[in-house]
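Student: I'd like to ask some things about the structure below.
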Amino acid sequence: MILTITLNPSVDMNYPLETFTLDRVNRVMDVSKTAGGKGLNVARVLRQLGEDVAASGFLGGSLGEFIKQDITRNGIHDYFVRIDGETRNCIAILHEGKQTEILEAGPTINEAEIHDFFAQFSEYVQKARLITMSGSLPQGLPDDFYTQLIKIANRHDTPVLLDTKGELLKKTLQAKHKPFLIKPNEDELKDVSGVATIDEQTVIDTLNAPVFTGVPWVVVTRGAKGALIKTDDVLYKVTIPKVDAKNPVGSGDAVIAGFAAGLSRGMTGEALIRFGLSMGVLNAMEEKTGQINPDHLAWCQDEIRVEKR
């Protein structure tokens, strides 16, 4: 089983509008509501790959119940901890080729709920082949929360794939206990390294920075430019096929799912890289976030070019 962690999930609501007018009534005819959060995108892609997957984090209120029903319907095991607070909404207004987002902060987690989560995580980590952790922390959690979870996972030799950003990623990497894989994009790498601008050579130089010491896999995704990956002191440049991208949102989450599934299946080296990066491409080809078509997987893996630098 693969365990995915989404500590601050949401109900994602998309409002498509031909035009969006401020200070006026805007009527929406077609609304989509889905269980949202980076880790839940990971979980959905894993299910589409046929993996046995569970999702954990914090859920509360009627919106939490909506997420529970949504993931259960999609064959994802519900390992979430129930809280007194209300799970958040995140609204995306799609208008005139743009996307305006309204993101709620979410609930504040109390000490008793934190204790419950650690107790359950300590149990579930022993059942999981590996764990993915994605996104931000809700209010109430200490900024070393991921570090504490990684410490528990390392105690049981359970690899952790971490996808977060900014100071949270930087602080987690400075700790003694390291994740097995991280997946910053170029902007996130810039935040961690402190460089002013980013290009291919800067990424390569940054991958040798001390902050990444002890992390076996560092996967830097670069959108349509592919990826630069460092593992076992070997640097790879990955070129992905050009596709008609319908919705690139969630492609990074799909990449995490791809690496998780590949590792679970015993893949290594270039085979794992092709499999993992393929998921980001396949996600971009679909309209829905956290969605792939496995029928295109063989084609995509054949089209990806991996070269040592």
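Numbering starts fresh at 1 for the residues of each chain in the structure tokens, the chains themselves are lettered A, B, ... in the order given, and ligands are numbered from 1 as they appear.
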Could you list, as a ChimeraX atom specification, every residue within 10 Å of Glu86 of chain A, counting only C-alpha atoms and ignoring same-chain residues fewer than 2 positions away?
Tutor: /A:10,58-65,82-84,88-89,106-108
Student: Going by DSSP on the backbone, which residues of segment 57-290 of chain A come out as helix (DSSP H, G or I)? List them as a ChimeraX atom specification.
Tutor: /A:61-73,111-124,145-155,166-173,186-193,200-206,210-212,223-225,251-264,269-284
Student: As a PDB file with all heavy atoms, in the first residue's frame, please: every residue in segment 100-271 of chain A that a backbone DSSP assignment puts in strand (DSSP E).
Tutor:
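Result saved to part17.pdb:
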```pdb
ATOM      1  N   THR A 100      -8.500  32.957 -11.702  1.00  0.00           N
ATOM      2  CA  THR A 100      -8.448  33.715 -10.459  1.00  0.00           C
ATOM      3  C   THR A 100      -8.822  32.777  -9.319  1.00  0.00           C
ATOM      4  O   THR A 100      -9.868  32.130  -9.366  1.00  0.00           O
ATOM      5  CB  THR A 100      -9.430  34.902 -10.497  1.00  0.00           C
ATOM      6  OG1 THR A 100      -9.074  35.775 -11.573  1.00  0.00           O
ATOM      7  CG2 THR A 100      -9.389  35.678  -9.180  1.00  0.00           C
ATOM      8  N   GLU A 101      -7.953  32.689  -8.313  1.00  0.00           N
ATOM      9  CA  GLU A 101      -8.168  31.734  -7.228  1.00  0.00           C
ATOM     10  C   GLU A 101      -8.484  32.441  -5.916  1.00  0.00           C
ATOM     11  O   GLU A 101      -7.908  33.494  -5.604  1.00  0.00           O
ATOM     12  CB  GLU A 101      -6.938  30.836  -7.050  1.00  0.00           C
ATOM     13  CG  GLU A 101      -6.656  29.951  -8.261  1.00  0.00           C
ATOM     14  CD  GLU A 101      -5.510  28.998  -8.016  1.00  0.00           C
ATOM     15  OE1 GLU A 101      -4.742  29.220  -7.057  1.00  0.00           O
ATOM     16  OE2 GLU A 101      -5.380  28.026  -8.764  1.00  0.00           O
ATOM     17  N   ILE A 102      -9.392  31.855  -5.163  1.00  0.00           N
ATOM     18  CA  ILE A 102      -9.727  32.317  -3.816  1.00  0.00           C
ATOM     19  C   ILE A 102      -9.516  31.117  -2.890  1.00  0.00           C
ATOM     20  O   ILE A 102     -10.276  30.145  -2.951  1.00  0.00           O
ATOM     21  CB  ILE A 102     -11.173  32.830  -3.730  1.00  0.00           C
ATOM     22  CG1 ILE A 102     -11.380  33.968  -4.739  1.00  0.00           C
ATOM     23  CG2 ILE A 102     -11.504  33.289  -2.317  1.00  0.00           C
ATOM     24  CD1 ILE A 102     -12.821  34.395  -4.887  1.00  0.00           C
ATOM     25  N   LEU A 103      -8.489  31.175  -2.066  1.00  0.00           N
ATOM     26  CA  LEU A 103      -8.084  30.029  -1.257  1.00  0.00           C
ATOM     27  C   LEU A 103      -8.308  30.331   0.222  1.00  0.00           C
ATOM     28  O   LEU A 103      -7.722  31.282   0.768  1.00  0.00           O
ATOM     29  CB  LEU A 103      -6.603  29.690  -1.507  1.00  0.00           C
ATOM     30  CG  LEU A 103      -6.175  29.536  -2.960  1.00  0.00           C
ATOM     31  CD1 LEU A 103      -4.684  29.209  -3.027  1.00  0.00           C
ATOM     32  CD2 LEU A 103      -6.990  28.471  -3.668  1.00  0.00           C
ATOM     33  N   LEU A 130       5.667   2.824   0.909  1.00  0.00           N
ATOM     34  CA  LEU A 130       6.276   4.144   0.871  1.00  0.00           C
ATOM     35  C   LEU A 130       5.197   5.188   1.112  1.00  0.00           C
ATOM     36  O   LEU A 130       4.004   4.892   1.067  1.00  0.00           O
ATOM     37  CB  LEU A 130       7.033   4.391  -0.438  1.00  0.00           C
ATOM     38  CG  LEU A 130       6.307   4.189  -1.766  1.00  0.00           C
ATOM     39  CD1 LEU A 130       5.606   5.446  -2.205  1.00  0.00           C
ATOM     40  CD2 LEU A 130       7.299   3.748  -2.844  1.00  0.00           C
ATOM     41  N   ILE A 131       5.635   6.436   1.355  1.00  0.00           N
ATOM     42  CA  ILE A 131       4.724   7.513   1.740  1.00  0.00           C
ATOM     43  C   ILE A 131       5.017   8.747   0.902  1.00  0.00           C
ATOM     44  O   ILE A 131       6.184   9.102   0.681  1.00  0.00           O
ATOM     45  CB  ILE A 131       4.891   7.858   3.232  1.00  0.00           C
ATOM     46  CG1 ILE A 131       4.613   6.629   4.097  1.00  0.00           C
ATOM     47  CG2 ILE A 131       3.975   9.016   3.639  1.00  0.00           C
ATOM     48  CD1 ILE A 131       5.016   6.813   5.549  1.00  0.00           C
ATOM     49  N   THR A 132       3.956   9.411   0.439  1.00  0.00           N
ATOM     50  CA  THR A 132       4.109  10.717  -0.193  1.00  0.00           C
ATOM     51  C   THR A 132       3.526  11.773   0.736  1.00  0.00           C
ATOM     52  O   THR A 132       2.496  11.555   1.366  1.00  0.00           O
ATOM     53  CB  THR A 132       3.428  10.788  -1.567  1.00  0.00           C
ATOM     54  OG1 THR A 132       1.991  10.828  -1.413  1.00  0.00           O
ATOM     55  CG2 THR A 132       3.810   9.598  -2.442  1.00  0.00           C
ATOM     56  N   MET A 133       4.193  12.927   0.818  1.00  0.00           N
ATOM     57  CA  MET A 133       3.724  14.052   1.619  1.00  0.00           C
ATOM     58  C   MET A 133       3.727  15.285   0.737  1.00  0.00           C
ATOM     59  O   MET A 133       4.764  15.633   0.159  1.00  0.00           O
ATOM     60  CB  MET A 133       4.633  14.269   2.839  1.00  0.00           C
ATOM     61  CG  MET A 133       4.741  13.054   3.748  1.00  0.00           C
ATOM     62  SD  MET A 133       5.866  13.367   5.157  1.00  0.00           S
ATOM     63  CE  MET A 133       5.883  11.736   5.924  1.00  0.00           C
ATOM     64  N   SER A 134       2.576  15.947   0.644  1.00  0.00           N
ATOM     65  CA  SER A 134       2.434  17.022  -0.333  1.00  0.00           C
ATOM     66  C   SER A 134       1.722  18.225   0.257  1.00  0.00           C
ATOM     67  O   SER A 134       0.770  18.082   1.026  1.00  0.00           O
ATOM     68  CB  SER A 134       1.630  16.537  -1.549  1.00  0.00           C
ATOM     69  OG  SER A 134       2.169  15.369  -2.114  1.00  0.00           O
ATOM     70  N   VAL A 160      10.112   8.247   2.039  1.00  0.00           N
ATOM     71  CA  VAL A 160       9.183   9.377   1.954  1.00  0.00           C
ATOM     72  C   VAL A 160       9.500  10.209   0.719  1.00  0.00           C
ATOM     73  O   VAL A 160      10.645  10.614   0.504  1.00  0.00           O
ATOM     74  CB  VAL A 160       9.271  10.265   3.209  1.00  0.00           C
ATOM     75  CG1 VAL A 160       8.460  11.545   3.023  1.00  0.00           C
ATOM     76  CG2 VAL A 160       8.793   9.503   4.437  1.00  0.00           C
ATOM     77  N   LEU A 161       8.469  10.476  -0.089  1.00  0.00           N
ATOM     78  CA  LEU A 161       8.568  11.372  -1.234  1.00  0.00           C
ATOM     79  C   LEU A 161       7.886  12.674  -0.837  1.00  0.00           C
ATOM     80  O   LEU A 161       6.681  12.700  -0.574  1.00  0.00           O
ATOM     81  CB  LEU A 161       7.883  10.778  -2.472  1.00  0.00           C
ATOM     82  CG  LEU A 161       8.620   9.650  -3.203  1.00  0.00           C
ATOM     83  CD1 LEU A 161       8.793   8.415  -2.336  1.00  0.00           C
ATOM     84  CD2 LEU A 161       7.885   9.284  -4.495  1.00  0.00           C
ATOM     85  N   LEU A 162       8.647  13.760  -0.769  1.00  0.00           N
ATOM     86  CA  LEU A 162       8.155  15.025  -0.238  1.00  0.00           C
ATOM     87  C   LEU A 162       8.017  16.063  -1.341  1.00  0.00           C
ATOM     88  O   LEU A 162       8.942  16.280  -2.131  1.00  0.00           O
ATOM     89  CB  LEU A 162       9.122  15.543   0.827  1.00  0.00           C
ATOM     90  CG  LEU A 162       8.799  16.911   1.439  1.00  0.00           C
ATOM     91  CD1 LEU A 162       7.512  16.848   2.263  1.00  0.00           C
ATOM     92  CD2 LEU A 162       9.966  17.402   2.308  1.00  0.00           C
ATOM     93  N   ASP A 163       6.849  16.720  -1.360  1.00  0.00           N
ATOM     94  CA  ASP A 163       6.604  17.788  -2.339  1.00  0.00           C
ATOM     95  C   ASP A 163       6.001  18.986  -1.613  1.00  0.00           C
ATOM     96  O   ASP A 163       4.787  19.075  -1.427  1.00  0.00           O
ATOM     97  CB  ASP A 163       5.655  17.296  -3.437  1.00  0.00           C
ATOM     98  CG  ASP A 163       5.454  18.340  -4.541  1.00  0.00           C
ATOM     99  OD1 ASP A 163       6.244  19.299  -4.594  1.00  0.00           O
ATOM    100  OD2 ASP A 163       4.513  18.184  -5.338  1.00  0.00           O
ATOM    101  N   LEU A 181      13.008  11.350  -1.564  1.00  0.00           N
ATOM    102  CA  LEU A 181      12.900  12.080  -2.831  1.00  0.00           C
ATOM    103  C   LEU A 181      12.187  13.402  -2.573  1.00  0.00           C
ATOM    104  O   LEU A 181      11.232  13.461  -1.799  1.00  0.00           O
ATOM    105  CB  LEU A 181      12.124  11.255  -3.864  1.00  0.00           C
ATOM    106  CG  LEU A 181      11.885  11.841  -5.259  1.00  0.00           C
ATOM    107  CD1 LEU A 181      11.828  10.710  -6.310  1.00  0.00           C
ATOM    108  CD2 LEU A 181      10.583  12.654  -5.347  1.00  0.00           C
ATOM    109  N   ILE A 182      12.672  14.460  -3.227  1.00  0.00           N
ATOM    110  CA  ILE A 182      11.956  15.732  -3.250  1.00  0.00           C
ATOM    111  C   ILE A 182      11.752  16.144  -4.702  1.00  0.00           C
ATOM    112  O   ILE A 182      12.507  15.715  -5.591  1.00  0.00           O
ATOM    113  CB  ILE A 182      12.694  16.837  -2.481  1.00  0.00           C
ATOM    114  CG1 ILE A 182      14.082  17.096  -3.088  1.00  0.00           C
ATOM    115  CG2 ILE A 182      12.796  16.494  -1.002  1.00  0.00           C
ATOM    116  CD1 ILE A 182      14.774  18.320  -2.494  1.00  0.00           C
ATOM    117  N   TRP A 217      17.178  11.246  -4.055  1.00  0.00           N
ATOM    118  CA  TRP A 217      16.624  11.695  -5.333  1.00  0.00           C
ATOM    119  C   TRP A 217      16.176  13.148  -5.222  1.00  0.00           C
ATOM    120  O   TRP A 217      15.353  13.489  -4.360  1.00  0.00           O
ATOM    121  CB  TRP A 217      15.418  10.848  -5.736  1.00  0.00           C
ATOM    122  CG  TRP A 217      15.761   9.501  -6.309  1.00  0.00           C
ATOM    123  CD1 TRP A 217      16.062   8.372  -5.617  1.00  0.00           C
ATOM    124  CD2 TRP A 217      15.811   9.149  -7.695  1.00  0.00           C
ATOM    125  NE1 TRP A 217      16.302   7.327  -6.474  1.00  0.00           N
ATOM    126  CE2 TRP A 217      16.156   7.770  -7.765  1.00  0.00           C
ATOM    127  CE3 TRP A 217      15.603   9.836  -8.886  1.00  0.00           C
ATOM    128  CZ2 TRP A 217      16.285   7.086  -8.972  1.00  0.00           C
ATOM    129  CZ3 TRP A 217      15.739   9.162 -10.096  1.00  0.00           C
ATOM    130  CH2 TRP A 217      16.075   7.810 -10.128  1.00  0.00           C
ATOM    131  N   VAL A 218      16.714  14.007  -6.097  1.00  0.00           N
ATOM    132  CA  VAL A 218      16.237  15.385  -6.222  1.00  0.00           C
ATOM    133  C   VAL A 218      15.757  15.561  -7.666  1.00  0.00           C
ATOM    134  O   VAL A 218      16.559  15.519  -8.605  1.00  0.00           O
ATOM    135  CB  VAL A 218      17.330  16.411  -5.896  1.00  0.00           C
ATOM    136  CG1 VAL A 218      16.764  17.832  -5.994  1.00  0.00           C
ATOM    137  CG2 VAL A 218      17.907  16.162  -4.504  1.00  0.00           C
ATOM    138  N   VAL A 219      14.454  15.723  -7.822  1.00  0.00           N
ATOM    139  CA  VAL A 219      13.826  15.820  -9.144  1.00  0.00           C
ATOM    140  C   VAL A 219      13.362  17.252  -9.335  1.00  0.00           C
ATOM    141  O   VAL A 219      12.403  17.701  -8.689  1.00  0.00           O
ATOM    142  CB  VAL A 219      12.631  14.850  -9.260  1.00  0.00           C
ATOM    143  CG1 VAL A 219      11.958  14.985 -10.624  1.00  0.00           C
ATOM    144  CG2 VAL A 219      13.081  13.419  -9.000  1.00  0.00           C
ATOM    145  N   VAL A 220      14.020  18.000 -10.205  1.00  0.00           N
ATOM    146  CA  VAL A 220      13.653  19.388 -10.475  1.00  0.00           C
ATOM    147  C   VAL A 220      12.852  19.428 -11.771  1.00  0.00           C
ATOM    148  O   VAL A 220      13.400  19.256 -12.866  1.00  0.00           O
ATOM    149  CB  VAL A 220      14.894  20.293 -10.586  1.00  0.00           C
ATOM    150  CG1 VAL A 220      14.472  21.746 -10.826  1.00  0.00           C
ATOM    151  CG2 VAL A 220      15.746  20.185  -9.328  1.00  0.00           C
ATOM    152  N   THR A 221      11.553  19.634 -11.649  1.00  0.00           N
ATOM    153  CA  THR A 221      10.696  19.700 -12.832  1.00  0.00           C
ATOM    154  C   THR A 221      10.754  21.096 -13.426  1.00  0.00           C
ATOM    155  O   THR A 221      10.768  22.102 -12.705  1.00  0.00           O
ATOM    156  CB  THR A 221       9.254  19.320 -12.485  1.00  0.00           C
ATOM    157  OG1 THR A 221       8.799  20.097 -11.369  1.00  0.00           O
ATOM    158  CG2 THR A 221       9.162  17.845 -12.119  1.00  0.00           C
ATOM    159  N   ALA A 227      13.086  18.035 -17.130  1.00  0.00           N
ATOM    160  CA  ALA A 227      13.544  17.964 -15.741  1.00  0.00           C
ATOM    161  C   ALA A 227      15.053  17.786 -15.692  1.00  0.00           C
ATOM    162  O   ALA A 227      15.679  17.319 -16.653  1.00  0.00           O
ATOM    163  CB  ALA A 227      12.866  16.803 -15.012  1.00  0.00           C
ATOM    164  N   LEU A 228      15.617  18.181 -14.554  1.00  0.00           N
ATOM    165  CA  LEU A 228      16.989  17.855 -14.208  1.00  0.00           C
ATOM    166  C   LEU A 228      16.938  17.076 -12.903  1.00  0.00           C
ATOM    167  O   LEU A 228      16.286  17.500 -11.942  1.00  0.00           O
ATOM    168  CB  LEU A 228      17.840  19.119 -14.059  1.00  0.00           C
ATOM    169  CG  LEU A 228      18.162  19.833 -15.372  1.00  0.00           C
ATOM    170  CD1 LEU A 228      18.629  21.256 -15.105  1.00  0.00           C
ATOM    171  CD2 LEU A 228      19.233  19.063 -16.151  1.00  0.00           C
ATOM    172  N   ILE A 229      17.606  15.931 -12.888  1.00  0.00           N
ATOM    173  CA  ILE A 229      17.475  15.004 -11.762  1.00  0.00           C
ATOM    174  C   ILE A 229      18.855  14.576 -11.295  1.00  0.00           C
ATOM    175  O   ILE A 229      19.720  14.228 -12.101  1.00  0.00           O
ATOM    176  CB  ILE A 229      16.660  13.763 -12.179  1.00  0.00           C
ATOM    177  CG1 ILE A 229      15.242  14.181 -12.594  1.00  0.00           C
ATOM    178  CG2 ILE A 229      16.615  12.731 -11.046  1.00  0.00           C
ATOM    179  CD1 ILE A 229      14.425  13.049 -13.171  1.00  0.00           C
ATOM    180  N   LYS A 230      19.029  14.587  -9.972  1.00  0.00           N
ATOM    181  CA  LYS A 230      20.273  14.086  -9.398  1.00  0.00           C
ATOM    182  C   LYS A 230      19.969  12.919  -8.486  1.00  0.00           C
ATOM    183  O   LYS A 230      19.124  13.009  -7.590  1.00  0.00           O
ATOM    184  CB  LYS A 230      21.000  15.177  -8.613  1.00  0.00           C
ATOM    185  CG  LYS A 230      22.365  14.716  -8.107  1.00  0.00           C
ATOM    186  CD  LYS A 230      23.089  15.820  -7.363  1.00  0.00           C
ATOM    187  CE  LYS A 230      24.455  15.329  -6.884  1.00  0.00           C
ATOM    188  NZ  LYS A 230      25.174  16.352  -6.099  1.00  0.00           N
ATOM    189  N   THR A 231      20.654  11.795  -8.703  1.00  0.00           N
ATOM    190  CA  THR A 231      20.524  10.626  -7.845  1.00  0.00           C
ATOM    191  C   THR A 231      21.840   9.862  -7.850  1.00  0.00           C
ATOM    192  O   THR A 231      22.471   9.690  -8.901  1.00  0.00           O
ATOM    193  CB  THR A 231      19.375   9.706  -8.303  1.00  0.00           C
ATOM    194  OG1 THR A 231      19.312   8.571  -7.449  1.00  0.00           O
ATOM    195  CG2 THR A 231      19.536   9.254  -9.738  1.00  0.00           C
ATOM    196  N   VAL A 234      24.745  11.110  -9.757  1.00  0.00           N
ATOM    197  CA  VAL A 234      24.639  11.157 -11.220  1.00  0.00           C
ATOM    198  C   VAL A 234      23.570  12.184 -11.576  1.00  0.00           C
ATOM    199  O   VAL A 234      22.483  12.194 -10.990  1.00  0.00           O
ATOM    200  CB  VAL A 234      24.268   9.781 -11.808  1.00  0.00           C
ATOM    201  CG1 VAL A 234      24.133   9.867 -13.325  1.00  0.00           C
ATOM    202  CG2 VAL A 234      25.306   8.741 -11.411  1.00  0.00           C
ATOM    203  N   LEU A 235      23.879  13.048 -12.545  1.00  0.00           N
ATOM    204  CA  LEU A 235      22.941  14.070 -12.982  1.00  0.00           C
ATOM    205  C   LEU A 235      22.348  13.677 -14.325  1.00  0.00           C
ATOM    206  O   LEU A 235      23.071  13.306 -15.257  1.00  0.00           O
ATOM    207  CB  LEU A 235      23.653  15.416 -13.105  1.00  0.00           C
ATOM    208  CG  LEU A 235      22.784  16.598 -13.517  1.00  0.00           C
ATOM    209  CD1 LEU A 235      21.802  16.957 -12.416  1.00  0.00           C
ATOM    210  CD2 LEU A 235      23.658  17.805 -13.872  1.00  0.00           C
ATOM    211  N   TYR A 236      21.029  13.748 -14.421  1.00  0.00           N
ATOM    212  CA  TYR A 236      20.325  13.427 -15.655  1.00  0.00           C
ATOM    213  C   TYR A 236      19.570  14.651 -16.171  1.00  0.00           C
ATOM    214  O   TYR A 236      18.938  15.373 -15.386  1.00  0.00           O
ATOM    215  CB  TYR A 236      19.305  12.308 -15.430  1.00  0.00           C
ATOM    216  CG  TYR A 236      19.893  10.971 -15.046  1.00  0.00           C
ATOM    217  CD1 TYR A 236      20.017  10.602 -13.709  1.00  0.00           C
ATOM    218  CD2 TYR A 236      20.316  10.061 -16.016  1.00  0.00           C
ATOM    219  CE1 TYR A 236      20.531   9.369 -13.345  1.00  0.00           C
ATOM    220  CE2 TYR A 236      20.834   8.823 -15.665  1.00  0.00           C
ATOM    221  CZ  TYR A 236      20.942   8.486 -14.323  1.00  0.00           C
ATOM    222  OH  TYR A 236      21.454   7.270 -13.969  1.00  0.00           O
ATOM    223  N   LYS A 237      19.620  14.842 -17.467  1.00  0.00           N
ATOM    224  CA  LYS A 237      18.761  15.825 -18.126  1.00  0.00           C
ATOM    225  C   LYS A 237      17.664  15.060 -18.858  1.00  0.00           C
ATOM    226  O   LYS A 237      17.955  14.135 -19.624  1.00  0.00           O
ATOM    227  CB  LYS A 237      19.542  16.680 -19.121  1.00  0.00           C
ATOM    228  CG  LYS A 237      18.667  17.706 -19.837  1.00  0.00           C
ATOM    229  CD  LYS A 237      19.468  18.570 -20.807  1.00  0.00           C
ATOM    230  CE  LYS A 237      18.553  19.560 -21.519  1.00  0.00           C
ATOM    231  NZ  LYS A 237      19.313  20.434 -22.462  1.00  0.00           N
ATOM    232  N   VAL A 238      16.410  15.438 -18.609  1.00  0.00           N
ATOM    233  CA  VAL A 238      15.269  14.721 -19.172  1.00  0.00           C
ATOM    234  C   VAL A 238      14.500  15.650 -20.104  1.00  0.00           C
ATOM    235  O   VAL A 238      14.122  16.761 -19.719  1.00  0.00           O
ATOM    236  CB  VAL A 238      14.325  14.208 -18.068  1.00  0.00           C
ATOM    237  CG1 VAL A 238      13.219  13.355 -18.669  1.00  0.00           C
ATOM    238  CG2 VAL A 238      15.106  13.424 -17.012  1.00  0.00           C
ATOM    239  N   THR A 239      14.298  15.198 -21.310  1.00  0.00           N
ATOM    240  CA  THR A 239      13.513  15.938 -22.298  1.00  0.00           C
ATOM    241  C   THR A 239      12.205  15.208 -22.522  1.00  0.00           C
ATOM    242  O   THR A 239      12.193  13.991 -22.762  1.00  0.00           O
ATOM    243  CB  THR A 239      14.274  16.055 -23.631  1.00  0.00           C
ATOM    244  OG1 THR A 239      15.556  16.646 -23.394  1.00  0.00           O
ATOM    245  CG2 THR A 239      13.500  16.922 -24.616  1.00  0.00           C
TER     246      THR A 239
END
```
Student: Could you check which of A:Ile198, A:Ala35, A:Leu297, A:Val42 is closest to Thr72 of chain A, using only C-alpha atoms?
Tutor: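 Under the stated criterion, the closest residue is A:Ala35.
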Student: Check the smallest atom-to-atom distance from each of A:Pro16, A:Gly194, A:Gly266, A:Gly226 to Val306 of chain A using only C-alpha atoms, then report the winner.
Tutor: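 Answer, going by the shortest atom-to-atom distance: A:Gly226.
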Student: Find the residues around Leu7 of chain A up to 7 Å (only C-alpha atoms counted), leave out those fewer than 3 positions away in its own chain, and share them as a count of residues only.
Tutor: 4
Student: Counting only C-alpha atoms, what is within 7 Å of Ile150 of chain A, bar same-chain residues fewer than 5 positions away, as an MDAnalysis selection string?
Tutor: chainID A and resid 160 177:179
Student: Using only C-alpha atoms, which residues sit within 6 Å of Leu94 of chain A once same-chain residues fewer than 5 positions away are excluded, as a list in words?
Tutor: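 Here the answer would be Tyr15, Pro16, Leu17 and Gln99 of chain A.
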Student: Can I get the selection written as a PDB file, in the first residue's frame, with all heavy atoms?
Tutor:
```pdb
ATOM      1  N   TYR A  15     -15.359  27.521 -11.249  1.00  0.00           N
ATOM      2  CA  TYR A  15     -16.445  28.323 -11.822  1.00  0.00           C
ATOM      3  C   TYR A  15     -16.008  28.843 -13.193  1.00  0.00           C
ATOM      4  O   TYR A  15     -15.293  29.839 -13.290  1.00  0.00           O
ATOM      5  CB  TYR A  15     -16.768  29.517 -10.925  1.00  0.00           C
ATOM      6  CG  TYR A  15     -17.336  29.198  -9.566  1.00  0.00           C
ATOM      7  CD1 TYR A  15     -17.259  30.120  -8.534  1.00  0.00           C
ATOM      8  CD2 TYR A  15     -17.953  27.982  -9.303  1.00  0.00           C
ATOM      9  CE1 TYR A  15     -17.789  29.844  -7.277  1.00  0.00           C
ATOM     10  CE2 TYR A  15     -18.482  27.687  -8.049  1.00  0.00           C
ATOM     11  CZ  TYR A  15     -18.393  28.623  -7.045  1.00  0.00           C
ATOM     12  OH  TYR A  15     -18.918  28.337  -5.809  1.00  0.00           O
ATOM     13  N   PRO A  16     -16.418  28.198 -14.283  1.00  0.00           N
ATOM     14  CA  PRO A  16     -16.064  28.705 -15.614  1.00  0.00           C
ATOM     15  C   PRO A  16     -17.008  29.828 -16.056  1.00  0.00           C
ATOM     16  O   PRO A  16     -18.225  29.686 -16.006  1.00  0.00           O
ATOM     17  CB  PRO A  16     -16.209  27.467 -16.507  1.00  0.00           C
ATOM     18  CG  PRO A  16     -17.209  26.603 -15.802  1.00  0.00           C
ATOM     19  CD  PRO A  16     -17.084  26.886 -14.331  1.00  0.00           C
ATOM     20  N   LEU A  17     -16.427  30.950 -16.486  1.00  0.00           N
ATOM     21  CA  LEU A  17     -17.197  32.103 -16.941  1.00  0.00           C
ATOM     22  C   LEU A  17     -16.612  32.635 -18.246  1.00  0.00           C
ATOM     23  O   LEU A  17     -15.397  32.659 -18.417  1.00  0.00           O
ATOM     24  CB  LEU A  17     -17.155  33.226 -15.894  1.00  0.00           C
ATOM     25  CG  LEU A  17     -17.840  32.982 -14.546  1.00  0.00           C
ATOM     26  CD1 LEU A  17     -17.401  34.059 -13.554  1.00  0.00           C
ATOM     27  CD2 LEU A  17     -19.343  32.985 -14.711  1.00  0.00           C
ATOM     28  N   GLN A  99      -7.121  32.435 -14.737  1.00  0.00           N
ATOM     29  CA  GLN A  99      -7.627  31.706 -13.575  1.00  0.00           C
ATOM     30  C   GLN A  99      -7.414  32.543 -12.328  1.00  0.00           C
ATOM     31  O   GLN A  99      -6.282  32.822 -11.939  1.00  0.00           O
ATOM     32  CB  GLN A  99      -6.935  30.347 -13.435  1.00  0.00           C
ATOM     33  CG  GLN A  99      -7.419  29.545 -12.227  1.00  0.00           C
ATOM     34  CD  GLN A  99      -6.984  28.102 -12.266  1.00  0.00           C
ATOM     35  OE1 GLN A  99      -7.100  27.435 -13.297  1.00  0.00           O
ATOM     36  NE2 GLN A  99      -6.473  27.602 -11.153  1.00  0.00           N
TER      37      GLN A  99
END
```
Student: Which residues, written as a ChimeraX atom specification, have at least one atom at most 12 Å from Asp295 of chain A, with only C-alpha atoms counted and residues fewer than 6 positions away on the same chain left out?
Tutor: /A:48-49,278-279,282,301
Student: Deliver the residues from the most recent selection as a file, using N, CA, C and O atoms, as an mmCIF file, in the first residue's frame.
Tutor:
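Result file out_16.cif:
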```
data_model
loop_
_atom_site.group_PDB
_atom_site.id
_atom_site.type_symbol
_atom_site.label_atom_id
_atom_site.label_comp_id
_atom_site.auth_asym_id
_atom_site.auth_seq_id
_atom_site.Cartn_x
_atom_site.Cartn_y
_atom_site.Cartn_z
ATOM 1 N N GLN A 48 -5.391 5.311 -10.712
ATOM 2 C CA GLN A 48 -5.507 5.096 -12.153
ATOM 3 C C GLN A 48 -4.393 4.191 -12.680
ATOM 4 O O GLN A 48 -4.549 3.560 -13.730
ATOM 5 N N LEU A 49 -3.313 4.113 -11.927
ATOM 6 C CA LEU A 49 -2.224 3.193 -12.270
ATOM 7 C C LEU A 49 -2.434 1.811 -11.657
ATOM 8 O O LEU A 49 -1.604 0.925 -11.819
ATOM 9 N N SER A 278 6.645 10.608 -17.103
ATOM 10 C CA SER A 278 5.524 10.388 -18.017
ATOM 11 C C SER A 278 4.205 10.850 -17.409
ATOM 12 O O SER A 278 3.332 11.369 -18.113
ATOM 13 N N MET A 279 4.051 10.681 -16.113
ATOM 14 C CA MET A 279 2.776 11.029 -15.479
ATOM 15 C C MET A 279 2.492 12.523 -15.564
ATOM 16 O O MET A 279 1.345 12.943 -15.725
ATOM 17 N N LEU A 282 1.228 13.116 -19.115
ATOM 18 C CA LEU A 282 -0.118 12.572 -19.308
ATOM 19 C C LEU A 282 -1.170 13.401 -18.583
ATOM 20 O O LEU A 282 -2.283 13.577 -19.068
ATOM 21 N N GLN A 301 6.592 7.045 -22.476
ATOM 22 C CA GLN A 301 7.895 6.579 -21.996
ATOM 23 C C GLN A 301 8.890 6.448 -23.140
ATOM 24 O O GLN A 301 10.077 6.768 -22.980
#
```
Student: Can you list, as a list of chain:residue names, every protein, DNA or RNA residue that comes within 10 Å of Ala260 of chain A when you count only C-alpha atoms, leaving out same-chain residues fewer than 3 positions away?
Tutor: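 That gives A:Ile2, A:Leu3, A:Thr4, A:Val42, A:Leu46, A:Glu51, A:Arg129, A:Leu130, A:Ile131, A:Thr132, A:Pro159, A:Val160, A:Leu161, A:Leu181, A:Ala254, A:Val255, A:Ile256, A:Ala257, A:Leu263, A:Ser264, A:Arg265, A:Met267, A:Leu272, A:Phe275, A:Gly276.
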